[in-house]
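Colleague: Could you have a look at this structure, given as structure tokens, before my questions?
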Amino acid sequence: MKKVLVIGATGQIGSELTMALRHRYGCENIVAGYIHGSEPKGELAESGPMAVADVTDGQGIADIVREHRIDTIYNLAALLSVVAENKPRLAWQIGIDGLWNVLEVAREQHCAVFTPSSIGSFGLETPHEMTPQDTIQRPRTIYGVSKVATELISDWYYYKYGVDTRSVRFPGIISYVTPPGGGTTDYAVDIFYYAVRGERFTCPIKAGTRMDMMYMPDALRAAICLMEANPDGLKHHNGFNVAAMSFDPDMIYHAIKKHLPDFEMVYDIDPLKQRIADSWPDMMDDSCARQEWGWAPRYNLPAMTADMLEKLKPLNSSI
């Protein structure tokens, strides 16, 4: 039976991943790791064990791993792209110094580690259409630089020490559970909240800017399936491209209008978000993930749109 620590269990991915893992492996086997000020609430707090798990405190992580006999760590501690660009030192302390602490604990305690990378690990020189699994990565944001470092350090721990490190390059993730939190692709979450409230949405990304996106249920499946994959089939370990859909603001706007014909959208471009978005792929080639561990998404843009609007209806009783 797996014994799992989720670091960052109250974040965008962590809050839903923790519950998915509890349903899969048993609530008592999944520890929700959090930092002071971000304590779990509701079902997340009531359904299983939790502990303060700050990646900047390596000894604290080691104590949790020993106490709960952890064999797998999902390390989700990171600042999102826009926040990281405004707080670069903190982004590095959490994303890289924190990762080093986690990997050292994993080396000493024989744990597997999942630390997500991102489409932000690419840059302007990277091919934007069908971005290859193995290609140039020259990001110009601290978020992207830290994600490239994450992939390389994780690979180094695998080859140097035999630590079972694995990761995917997540695209923008869309969820009805957790509100936007400072990412470049957050407009694709925010737009749904405005739509169900009957409000006009102001888009910070210009028309025609395509980016890879993924619905949260698929993102959770990707993380869990990769960690469950037979290692004998893996040629890569860290930085698997995973894709589900690619769209620009007009495409998601019109997908929503099919359900809510009166919905309106205007543009007011955020220069920082646009600069970051322009450096990211339009669409990734995820054939390695498909071949090596059977990755396949279940949601496309129409299916995700319908499900998001259905799940968010309680926000507005008139819908």
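How things are named: the first chain in the structure tokens is A, the next is B, and so on; residues count from 1 in each chain; ligands count from 1 in the order shown.
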Report as a tab-separated table the residues of segment 126-162 of chain A within 12 Å of segment 211-233 of chain A, each with its shortest atom pair and distance in Å (one decimal), using only C-alpha atoms, ordered by chain and increasing residue number.
Modeller:
```
residue	atom	partner	partner_atom	distance
A:His128	CA	A:Met211	CA	9.4
A:Glu129	CA	A:Met211	CA	10.1
A:Met130	CA	A:Asp212	CA	10.3
A:Thr131	CA	A:Asp212	CA	10.6
A:Tyr158	CA	A:Pro231	CA	11.8
A:Gly162	CA	A:Pro231	CA	11.9
```
Colleague: Put those residues in a file: C-alpha atoms, as a CSV table (one decimal), in the first residue's frame.
Modeller:
```
chain,number,residue,atom,x,y,z
A,128,HIS,CA,6.0,26.4,-30.9
A,129,GLU,CA,4.0,23.9,-33.0
A,130,MET,CA,4.2,20.3,-31.8
A,131,THR,CA,7.0,21.1,-29.4
A,158,TYR,CA,17.9,9.5,-10.6
A,162,GLY,CA,18.9,6.0,-8.1
```
Colleague: Any idea what's packed within 10 Å of Ile7 of chain A, counting only C-alpha atoms, ignoring anything in its chain fewer than 4 positions away? Could you give it as a ChimeraX atom specification?
Modeller: /A:11,14,18,31-35,51-55,61,73-78,102,115
Colleague: Pull N, CA and C atoms from the residues just selected and write them as a PDB file, in the first residue's frame.
Modeller:
```pdb
ATOM      1  N   GLY A  11      -2.847  23.882  -2.430  1.00  0.00           N
ATOM      2  CA  GLY A  11      -2.720  24.675  -3.647  1.00  0.00           C
ATOM      3  C   GLY A  11      -3.689  24.241  -4.730  1.00  0.00           C
ATOM      4  N   GLY A  14      -2.712  20.609  -5.642  1.00  0.00           N
ATOM      5  CA  GLY A  14      -2.603  19.788  -4.440  1.00  0.00           C
ATOM      6  C   GLY A  14      -3.907  19.498  -3.752  1.00  0.00           C
ATOM      7  N   THR A  18      -4.710  15.571  -3.577  1.00  0.00           N
ATOM      8  CA  THR A  18      -4.747  14.897  -2.276  1.00  0.00           C
ATOM      9  C   THR A  18      -6.012  14.059  -2.136  1.00  0.00           C
ATOM     10  N   VAL A  31      -0.922  11.952   3.402  1.00  0.00           N
ATOM     11  CA  VAL A  31      -0.701  13.075   4.312  1.00  0.00           C
ATOM     12  C   VAL A  31      -0.765  14.380   3.528  1.00  0.00           C
ATOM     13  N   ALA A  32      -1.646  15.276   3.943  1.00  0.00           N
ATOM     14  CA  ALA A  32      -1.766  16.597   3.323  1.00  0.00           C
ATOM     15  C   ALA A  32      -0.750  17.541   3.947  1.00  0.00           C
ATOM     16  N   GLY A  33       0.288  17.884   3.192  1.00  0.00           N
ATOM     17  CA  GLY A  33       1.322  18.784   3.694  1.00  0.00           C
ATOM     18  C   GLY A  33       0.990  20.226   3.366  1.00  0.00           C
ATOM     19  N   TYR A  34       1.136  21.111   4.338  1.00  0.00           N
ATOM     20  CA  TYR A  34       0.771  22.513   4.141  1.00  0.00           C
ATOM     21  C   TYR A  34       1.762  23.408   4.878  1.00  0.00           C
ATOM     22  N   ILE A  35       1.691  24.699   4.608  1.00  0.00           N
ATOM     23  CA  ILE A  35       2.513  25.666   5.340  1.00  0.00           C
ATOM     24  C   ILE A  35       1.600  26.515   6.218  1.00  0.00           C
ATOM     25  N   ALA A  51      -0.003  17.618   7.975  1.00  0.00           N
ATOM     26  CA  ALA A  51       1.193  18.023   8.706  1.00  0.00           C
ATOM     27  C   ALA A  51       1.783  19.262   8.064  1.00  0.00           C
ATOM     28  N   VAL A  52       2.444  20.079   8.870  1.00  0.00           N
ATOM     29  CA  VAL A  52       3.177  21.227   8.335  1.00  0.00           C
ATOM     30  C   VAL A  52       4.363  20.692   7.540  1.00  0.00           C
ATOM     31  N   ALA A  53       4.404  21.022   6.252  1.00  0.00           N
ATOM     32  CA  ALA A  53       5.452  20.509   5.365  1.00  0.00           C
ATOM     33  C   ALA A  53       5.985  21.645   4.514  1.00  0.00           C
ATOM     34  N   ASP A  54       6.969  22.332   5.041  1.00  0.00           N
ATOM     35  CA  ASP A  54       7.595  23.474   4.385  1.00  0.00           C
ATOM     36  C   ASP A  54       8.871  22.987   3.704  1.00  0.00           C
ATOM     37  N   VAL A  55       8.953  23.120   2.390  1.00  0.00           N
ATOM     38  CA  VAL A  55      10.119  22.589   1.662  1.00  0.00           C
ATOM     39  C   VAL A  55      11.415  23.287   2.046  1.00  0.00           C
ATOM     40  N   ILE A  61      10.566  17.961   6.759  1.00  0.00           N
ATOM     41  CA  ILE A  61      10.086  17.003   5.749  1.00  0.00           C
ATOM     42  C   ILE A  61      10.548  15.603   6.114  1.00  0.00           C
ATOM     43  N   ILE A  73       6.507  10.982  -2.573  1.00  0.00           N
ATOM     44  CA  ILE A  73       6.279  12.401  -2.298  1.00  0.00           C
ATOM     45  C   ILE A  73       5.839  13.088  -3.586  1.00  0.00           C
ATOM     46  N   TYR A  74       4.706  13.763  -3.517  1.00  0.00           N
ATOM     47  CA  TYR A  74       4.291  14.669  -4.588  1.00  0.00           C
ATOM     48  C   TYR A  74       4.670  16.075  -4.132  1.00  0.00           C
ATOM     49  N   ASN A  75       5.710  16.625  -4.737  1.00  0.00           N
ATOM     50  CA  ASN A  75       6.235  17.926  -4.331  1.00  0.00           C
ATOM     51  C   ASN A  75       5.661  19.013  -5.234  1.00  0.00           C
ATOM     52  N   LEU A  76       4.610  19.676  -4.774  1.00  0.00           N
ATOM     53  CA  LEU A  76       3.911  20.673  -5.578  1.00  0.00           C
ATOM     54  C   LEU A  76       4.215  22.098  -5.141  1.00  0.00           C
ATOM     55  N   ALA A  77       5.197  22.270  -4.280  1.00  0.00           N
ATOM     56  CA  ALA A  77       5.523  23.601  -3.772  1.00  0.00           C
ATOM     57  C   ALA A  77       6.182  24.434  -4.867  1.00  0.00           C
ATOM     58  N   ALA A  78       5.571  25.572  -5.209  1.00  0.00           N
ATOM     59  CA  ALA A  78       6.119  26.468  -6.229  1.00  0.00           C
ATOM     60  C   ALA A  78       5.271  27.727  -6.286  1.00  0.00           C
ATOM     61  N   VAL A 102      13.845  18.194  -0.572  1.00  0.00           N
ATOM     62  CA  VAL A 102      12.962  17.040  -0.785  1.00  0.00           C
ATOM     63  C   VAL A 102      13.742  15.869  -1.370  1.00  0.00           C
ATOM     64  N   THR A 115       7.713  15.922  -9.058  1.00  0.00           N
ATOM     65  CA  THR A 115       7.791  17.381  -8.981  1.00  0.00           C
ATOM     66  C   THR A 115       7.437  17.939 -10.353  1.00  0.00           C
TER      67      THR A 115
END
```
Colleague: Which residue gives the smallest distance to Glu264 of chain A among A:Ser81, A:Thr56, A:Ser118, A:Thr202, with only C-alpha atoms counted?
Modeller: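 For Glu264 of chain A, the nearest of the candidates is A:Thr202.
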Colleague: For Arg290 of chain A, list every protein, DNA or RNA residue within 12 Å, evaluated using only C-alpha atoms, and leave out those in the same chain fewer than 4 positions away; present the list as a PDB file with C-alpha atoms, in the first residue's frame.
Modeller:
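This is the output file result_19.pdb:
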```pdb
ATOM      1  CA  GLN A 133       9.840  16.122 -26.001  1.00  0.00           C
ATOM      2  CA  ALA A 222      -1.408  12.301 -15.569  1.00  0.00           C
ATOM      3  CA  CYS A 225      -0.606   7.363 -13.840  1.00  0.00           C
ATOM      4  CA  LEU A 226       3.007   8.412 -14.333  1.00  0.00           C
ATOM      5  CA  ALA A 229       3.857   3.390 -14.445  1.00  0.00           C
ATOM      6  CA  GLY A 233       8.941   1.212 -19.843  1.00  0.00           C
ATOM      7  CA  LEU A 234      10.313   4.681 -19.144  1.00  0.00           C
ATOM      8  CA  HIS A 236      12.471   9.522 -19.969  1.00  0.00           C
ATOM      9  CA  PHE A 240       7.205  14.463 -20.031  1.00  0.00           C
ATOM     10  CA  ASN A 241       5.138  16.603 -22.388  1.00  0.00           C
ATOM     11  CA  VAL A 242       1.430  16.022 -21.693  1.00  0.00           C
ATOM     12  CA  ALA A 243      -1.242  17.694 -23.803  1.00  0.00           C
ATOM     13  CA  ALA A 244      -5.009  17.740 -24.049  1.00  0.00           C
ATOM     14  CA  ASP A 285       3.961  16.796 -28.866  1.00  0.00           C
ATOM     15  CA  ASP A 286       3.160  14.316 -26.093  1.00  0.00           C
ATOM     16  CA  GLY A 294      -0.024   5.166 -21.947  1.00  0.00           C
ATOM     17  CA  TRP A 295      -1.005   8.800 -21.482  1.00  0.00           C
ATOM     18  CA  ALA A 296      -4.299   9.843 -23.122  1.00  0.00           C
ATOM     19  CA  PRO A 297      -6.509  12.820 -22.124  1.00  0.00           C
TER      20      PRO A 297
END
```
Colleague: When you draw a straight line from atom CA of Ala188 of chain A to atom CA of Ile252 of chain A, how long is it in Å?
Modeller: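 That distance, rounded to one decimal, is 7.5 Å.
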Colleague: Please tabulate, as JSON lines, the residues of segment 44-140 of chain A that come within 6 Å of segment 164-186 of chain A, each with its closest pair of atoms and the distance in Å to one decimal, counting only C-alpha atoms and ordering rows by chain, then residue number upward.
Modeller:
```
{"residue": "A:Leu80", "atom": "CA", "partner": "A:Gly183", "partner_atom": "CA", "distance": 5.1}
{"residue": "A:Ser81", "atom": "CA", "partner": "A:Gly183", "partner_atom": "CA", "distance": 5.1}
{"residue": "A:Val82", "atom": "CA", "partner": "A:Gly183", "partner_atom": "CA", "distance": 5.5}
{"residue": "A:Val83", "atom": "CA", "partner": "A:Gly182", "partner_atom": "CA", "distance": 5.7}
{"residue": "A:Ala112", "atom": "CA", "partner": "A:Asp164", "partner_atom": "CA", "distance": 4.7}
{"residue": "A:Val113", "atom": "CA", "partner": "A:Thr165", "partner_atom": "CA", "distance": 4.8}
{"residue": "A:Phe114", "atom": "CA", "partner": "A:Arg166", "partner_atom": "CA", "distance": 5.0}
{"residue": "A:Thr115", "atom": "CA", "partner": "A:Ser167", "partner_atom": "CA", "distance": 5.4}
{"residue": "A:Pro116", "atom": "CA", "partner": "A:Ser167", "partner_atom": "CA", "distance": 5.0}
{"residue": "A:Ser117", "atom": "CA", "partner": "A:Arg169", "partner_atom": "CA", "distance": 4.4}
{"residue": "A:Ser118", "atom": "CA", "partner": "A:Arg169", "partner_atom": "CA", "distance": 4.0}
{"residue": "A:Ile119", "atom": "CA", "partner": "A:Pro171", "partner_atom": "CA", "distance": 5.5}
```
Colleague: Per DSSP on the backbone, filter segment 110-312 of chain A down to the residues in alpha helix (DSSP H) and report them as a PyMOL selection string.
Modeller: chain A and resi 142-161+187-197+216-228+249-257+271-278+287-293+301-312
Colleague: When DSSP is applied to the backbone of this structure, which of segment 41-258 of chain A are assigned strand (DSSP E)? Write them out as a PDB file with N, CA, C and O atoms, in the first residue's frame.
Modeller:
```
ATOM      1  N   MET A  50      -2.740  15.266   8.272  1.00  0.00           N
ATOM      2  CA  MET A  50      -2.102  16.436   7.684  1.00  0.00           C
ATOM      3  C   MET A  50      -0.934  16.850   8.563  1.00  0.00           C
ATOM      4  O   MET A  50      -0.858  16.467   9.734  1.00  0.00           O
ATOM      5  N   ALA A  51      -0.003  17.618   7.975  1.00  0.00           N
ATOM      6  CA  ALA A  51       1.193  18.023   8.706  1.00  0.00           C
ATOM      7  C   ALA A  51       1.783  19.262   8.064  1.00  0.00           C
ATOM      8  O   ALA A  51       1.635  19.477   6.852  1.00  0.00           O
ATOM      9  N   VAL A  52       2.444  20.079   8.870  1.00  0.00           N
ATOM     10  CA  VAL A  52       3.177  21.227   8.335  1.00  0.00           C
ATOM     11  C   VAL A  52       4.363  20.692   7.540  1.00  0.00           C
ATOM     12  O   VAL A  52       5.220  19.994   8.086  1.00  0.00           O
ATOM     13  N   THR A  72       6.274   7.774  -1.172  1.00  0.00           N
ATOM     14  CA  THR A  72       6.109   8.597  -2.369  1.00  0.00           C
ATOM     15  C   THR A  72       5.796  10.026  -1.960  1.00  0.00           C
ATOM     16  O   THR A  72       4.924  10.260  -1.120  1.00  0.00           O
ATOM     17  N   ILE A  73       6.507  10.982  -2.573  1.00  0.00           N
ATOM     18  CA  ILE A  73       6.279  12.401  -2.298  1.00  0.00           C
ATOM     19  C   ILE A  73       5.839  13.088  -3.586  1.00  0.00           C
ATOM     20  O   ILE A  73       6.521  13.004  -4.607  1.00  0.00           O
ATOM     21  N   TYR A  74       4.706  13.763  -3.517  1.00  0.00           N
ATOM     22  CA  TYR A  74       4.291  14.669  -4.588  1.00  0.00           C
ATOM     23  C   TYR A  74       4.670  16.075  -4.132  1.00  0.00           C
ATOM     24  O   TYR A  74       4.044  16.635  -3.235  1.00  0.00           O
ATOM     25  N   ASN A  75       5.710  16.625  -4.737  1.00  0.00           N
ATOM     26  CA  ASN A  75       6.235  17.926  -4.331  1.00  0.00           C
ATOM     27  C   ASN A  75       5.661  19.013  -5.234  1.00  0.00           C
ATOM     28  O   ASN A  75       6.156  19.259  -6.327  1.00  0.00           O
ATOM     29  N   ALA A 112      10.044   7.746  -3.769  1.00  0.00           N
ATOM     30  CA  ALA A 112       9.847   8.246  -5.120  1.00  0.00           C
ATOM     31  C   ALA A 112       9.350   9.689  -5.024  1.00  0.00           C
ATOM     32  O   ALA A 112       8.697  10.060  -4.048  1.00  0.00           O
ATOM     33  N   VAL A 113       9.683  10.508  -6.039  1.00  0.00           N
ATOM     34  CA  VAL A 113       9.324  11.932  -5.994  1.00  0.00           C
ATOM     35  C   VAL A 113       8.728  12.370  -7.326  1.00  0.00           C
ATOM     36  O   VAL A 113       9.319  12.147  -8.386  1.00  0.00           O
ATOM     37  N   PHE A 114       7.568  13.027  -7.241  1.00  0.00           N
ATOM     38  CA  PHE A 114       6.959  13.698  -8.389  1.00  0.00           C
ATOM     39  C   PHE A 114       7.034  15.197  -8.141  1.00  0.00           C
ATOM     40  O   PHE A 114       6.529  15.695  -7.142  1.00  0.00           O
ATOM     41  N   SER A 117       6.917  19.874 -13.786  1.00  0.00           N
ATOM     42  CA  SER A 117       7.492  20.927 -14.599  1.00  0.00           C
ATOM     43  C   SER A 117       6.333  21.621 -15.324  1.00  0.00           C
ATOM     44  O   SER A 117       5.176  21.494 -14.921  1.00  0.00           O
ATOM     45  N   SER A 118       6.627  22.326 -16.398  1.00  0.00           N
ATOM     46  CA  SER A 118       5.616  23.192 -17.000  1.00  0.00           C
ATOM     47  C   SER A 118       5.968  23.525 -18.442  1.00  0.00           C
ATOM     48  O   SER A 118       7.130  23.441 -18.852  1.00  0.00           O
ATOM     49  N   GLU A 129       5.000  24.867 -32.485  1.00  0.00           N
ATOM     50  CA  GLU A 129       4.000  23.918 -32.959  1.00  0.00           C
ATOM     51  C   GLU A 129       4.517  22.502 -32.791  1.00  0.00           C
ATOM     52  O   GLU A 129       5.610  22.174 -33.263  1.00  0.00           O
ATOM     53  N   MET A 130       3.745  21.657 -32.100  1.00  0.00           N
ATOM     54  CA  MET A 130       4.159  20.290 -31.805  1.00  0.00           C
ATOM     55  C   MET A 130       5.552  20.275 -31.188  1.00  0.00           C
ATOM     56  O   MET A 130       6.473  19.618 -31.651  1.00  0.00           O
ATOM     57  N   THR A 131       5.685  21.029 -30.124  1.00  0.00           N
ATOM     58  CA  THR A 131       6.952  21.149 -29.409  1.00  0.00           C
ATOM     59  C   THR A 131       7.469  19.763 -29.016  1.00  0.00           C
ATOM     60  O   THR A 131       6.784  19.018 -28.319  1.00  0.00           O
ATOM     61  N   THR A 165      12.684   9.628  -9.551  1.00  0.00           N
ATOM     62  CA  THR A 165      12.105  10.953  -9.790  1.00  0.00           C
ATOM     63  C   THR A 165      11.339  10.938 -11.110  1.00  0.00           C
ATOM     64  O   THR A 165      11.818  10.401 -12.107  1.00  0.00           O
ATOM     65  N   ARG A 166      10.159  11.570 -11.113  1.00  0.00           N
ATOM     66  CA  ARG A 166       9.329  11.625 -12.315  1.00  0.00           C
ATOM     67  C   ARG A 166       8.592  12.965 -12.359  1.00  0.00           C
ATOM     68  O   ARG A 166       8.282  13.534 -11.317  1.00  0.00           O
ATOM     69  N   VAL A 168       5.918  15.628 -15.170  1.00  0.00           N
ATOM     70  CA  VAL A 168       5.327  16.006 -16.443  1.00  0.00           C
ATOM     71  C   VAL A 168       5.449  17.516 -16.610  1.00  0.00           C
ATOM     72  O   VAL A 168       5.594  18.253 -15.627  1.00  0.00           O
ATOM     73  N   ARG A 169       5.399  17.969 -17.852  1.00  0.00           N
ATOM     74  CA  ARG A 169       5.327  19.404 -18.131  1.00  0.00           C
ATOM     75  C   ARG A 169       3.847  19.763 -18.274  1.00  0.00           C
ATOM     76  O   ARG A 169       3.252  19.565 -19.333  1.00  0.00           O
ATOM     77  N   PHE A 170       3.284  20.261 -17.187  1.00  0.00           N
ATOM     78  CA  PHE A 170       1.875  20.604 -17.223  1.00  0.00           C
ATOM     79  C   PHE A 170       1.619  21.801 -18.131  1.00  0.00           C
ATOM     80  O   PHE A 170       2.373  22.782 -18.090  1.00  0.00           O
ATOM     81  N   GLY A 172      -1.422  24.831 -19.054  1.00  0.00           N
ATOM     82  CA  GLY A 172      -2.328  25.557 -18.179  1.00  0.00           C
ATOM     83  C   GLY A 172      -3.416  24.625 -17.676  1.00  0.00           C
ATOM     84  O   GLY A 172      -3.963  23.845 -18.450  1.00  0.00           O
ATOM     85  N   ILE A 173      -3.723  24.698 -16.389  1.00  0.00           N
ATOM     86  CA  ILE A 173      -4.692  23.777 -15.788  1.00  0.00           C
ATOM     87  C   ILE A 173      -5.956  24.536 -15.406  1.00  0.00           C
ATOM     88  O   ILE A 173      -5.895  25.582 -14.750  1.00  0.00           O
ATOM     89  N   ILE A 174      -7.091  23.993 -15.819  1.00  0.00           N
ATOM     90  CA  ILE A 174      -8.390  24.625 -15.601  1.00  0.00           C
ATOM     91  C   ILE A 174      -9.185  23.799 -14.597  1.00  0.00           C
ATOM     92  O   ILE A 174      -9.319  22.591 -14.758  1.00  0.00           O
ATOM     93  N   PHE A 201     -16.268  39.723 -19.344  1.00  0.00           N
ATOM     94  CA  PHE A 201     -14.911  39.308 -18.985  1.00  0.00           C
ATOM     95  C   PHE A 201     -13.895  40.148 -19.738  1.00  0.00           C
ATOM     96  O   PHE A 201     -13.995  40.331 -20.959  1.00  0.00           O
ATOM     97  N   THR A 202     -12.902  40.661 -19.014  1.00  0.00           N
ATOM     98  CA  THR A 202     -11.795  41.396 -19.630  1.00  0.00           C
ATOM     99  C   THR A 202     -10.600  40.472 -19.717  1.00  0.00           C
ATOM    100  O   THR A 202     -10.032  40.069 -18.700  1.00  0.00           O
ATOM    101  N   CYS A 203     -10.202  40.138 -20.934  1.00  0.00           N
ATOM    102  CA  CYS A 203      -9.135  39.154 -21.163  1.00  0.00           C
ATOM    103  C   CYS A 203      -7.772  39.846 -21.199  1.00  0.00           C
ATOM    104  O   CYS A 203      -7.584  40.800 -21.962  1.00  0.00           O
ATOM    105  N   MET A 211      -2.306  28.546 -26.395  1.00  0.00           N
ATOM    106  CA  MET A 211      -1.487  27.852 -25.410  1.00  0.00           C
ATOM    107  C   MET A 211      -2.112  26.501 -25.101  1.00  0.00           C
ATOM    108  O   MET A 211      -3.327  26.340 -25.198  1.00  0.00           O
ATOM    109  N   ASP A 212      -1.260  25.539 -24.746  1.00  0.00           N
ATOM    110  CA  ASP A 212      -1.755  24.236 -24.293  1.00  0.00           C
ATOM    111  C   ASP A 212      -2.499  24.402 -22.976  1.00  0.00           C
ATOM    112  O   ASP A 212      -2.066  25.130 -22.082  1.00  0.00           O
ATOM    113  N   MET A 213      -3.621  23.694 -22.863  1.00  0.00           N
ATOM    114  CA  MET A 213      -4.415  23.706 -21.638  1.00  0.00           C
ATOM    115  C   MET A 213      -4.854  22.275 -21.317  1.00  0.00           C
ATOM    116  O   MET A 213      -4.852  21.398 -22.175  1.00  0.00           O
ATOM    117  N   MET A 214      -5.273  22.086 -20.056  1.00  0.00           N
ATOM    118  CA  MET A 214      -5.723  20.768 -19.614  1.00  0.00           C
ATOM    119  C   MET A 214      -6.745  20.935 -18.500  1.00  0.00           C
ATOM    120  O   MET A 214      -6.598  21.809 -17.640  1.00  0.00           O
ATOM    121  N   TYR A 215      -7.775  20.113 -18.517  1.00  0.00           N
ATOM    122  CA  TYR A 215      -8.774  20.113 -17.453  1.00  0.00           C
ATOM    123  C   TYR A 215      -8.208  19.355 -16.258  1.00  0.00           C
ATOM    124  O   TYR A 215      -7.513  18.347 -16.409  1.00  0.00           O
ATOM    125  N   PHE A 240       8.050  14.990 -18.964  1.00  0.00           N
ATOM    126  CA  PHE A 240       7.205  14.463 -20.031  1.00  0.00           C
ATOM    127  C   PHE A 240       6.230  15.527 -20.517  1.00  0.00           C
ATOM    128  O   PHE A 240       5.485  16.115 -19.726  1.00  0.00           O
ATOM    129  N   ASN A 241       6.215  15.795 -21.818  1.00  0.00           N
ATOM    130  CA  ASN A 241       5.138  16.603 -22.388  1.00  0.00           C
ATOM    131  C   ASN A 241       3.813  15.870 -22.209  1.00  0.00           C
ATOM    132  O   ASN A 241       3.715  14.681 -22.528  1.00  0.00           O
ATOM    133  N   MET A 245      -5.529  19.924 -25.013  1.00  0.00           N
ATOM    134  CA  MET A 245      -6.204  20.843 -25.929  1.00  0.00           C
ATOM    135  C   MET A 245      -5.364  22.102 -26.063  1.00  0.00           C
ATOM    136  O   MET A 245      -4.562  22.428 -25.185  1.00  0.00           O
ATOM    137  N   SER A 246      -5.516  22.800 -27.169  1.00  0.00           N
ATOM    138  CA  SER A 246      -4.818  24.059 -27.397  1.00  0.00           C
ATOM    139  C   SER A 246      -5.823  25.059 -27.956  1.00  0.00           C
ATOM    140  O   SER A 246      -6.538  24.757 -28.914  1.00  0.00           O
ATOM    141  N   PHE A 247      -5.900  26.240 -27.327  1.00  0.00           N
ATOM    142  CA  PHE A 247      -6.851  27.237 -27.831  1.00  0.00           C
ATOM    143  C   PHE A 247      -6.359  28.647 -27.502  1.00  0.00           C
ATOM    144  O   PHE A 247      -5.468  28.838 -26.677  1.00  0.00           O
TER     145      PHE A 247
END
```
Colleague: Considering only C-alpha atoms, give me a table of residues in segment 150-175 of chain A that are at most 9 Å from segment 92-99 of chain A, with the closest atom pair and distance in Å for each, as a tab-separated table.
Modeller:
```
residue	atom	partner	partner_atom	distance
A:Thr150	CA	A:Ile96	CA	6.7
A:Ile153	CA	A:Leu99	CA	8.7
A:Ser154	CA	A:Leu99	CA	8.6
```
Colleague: For Phe192 of chain A, which residue out of A:Gln137, A:Ser287, A:Thr305, A:Ser279 is the nearest one, using only C-alpha atoms?
Modeller: A:Thr305
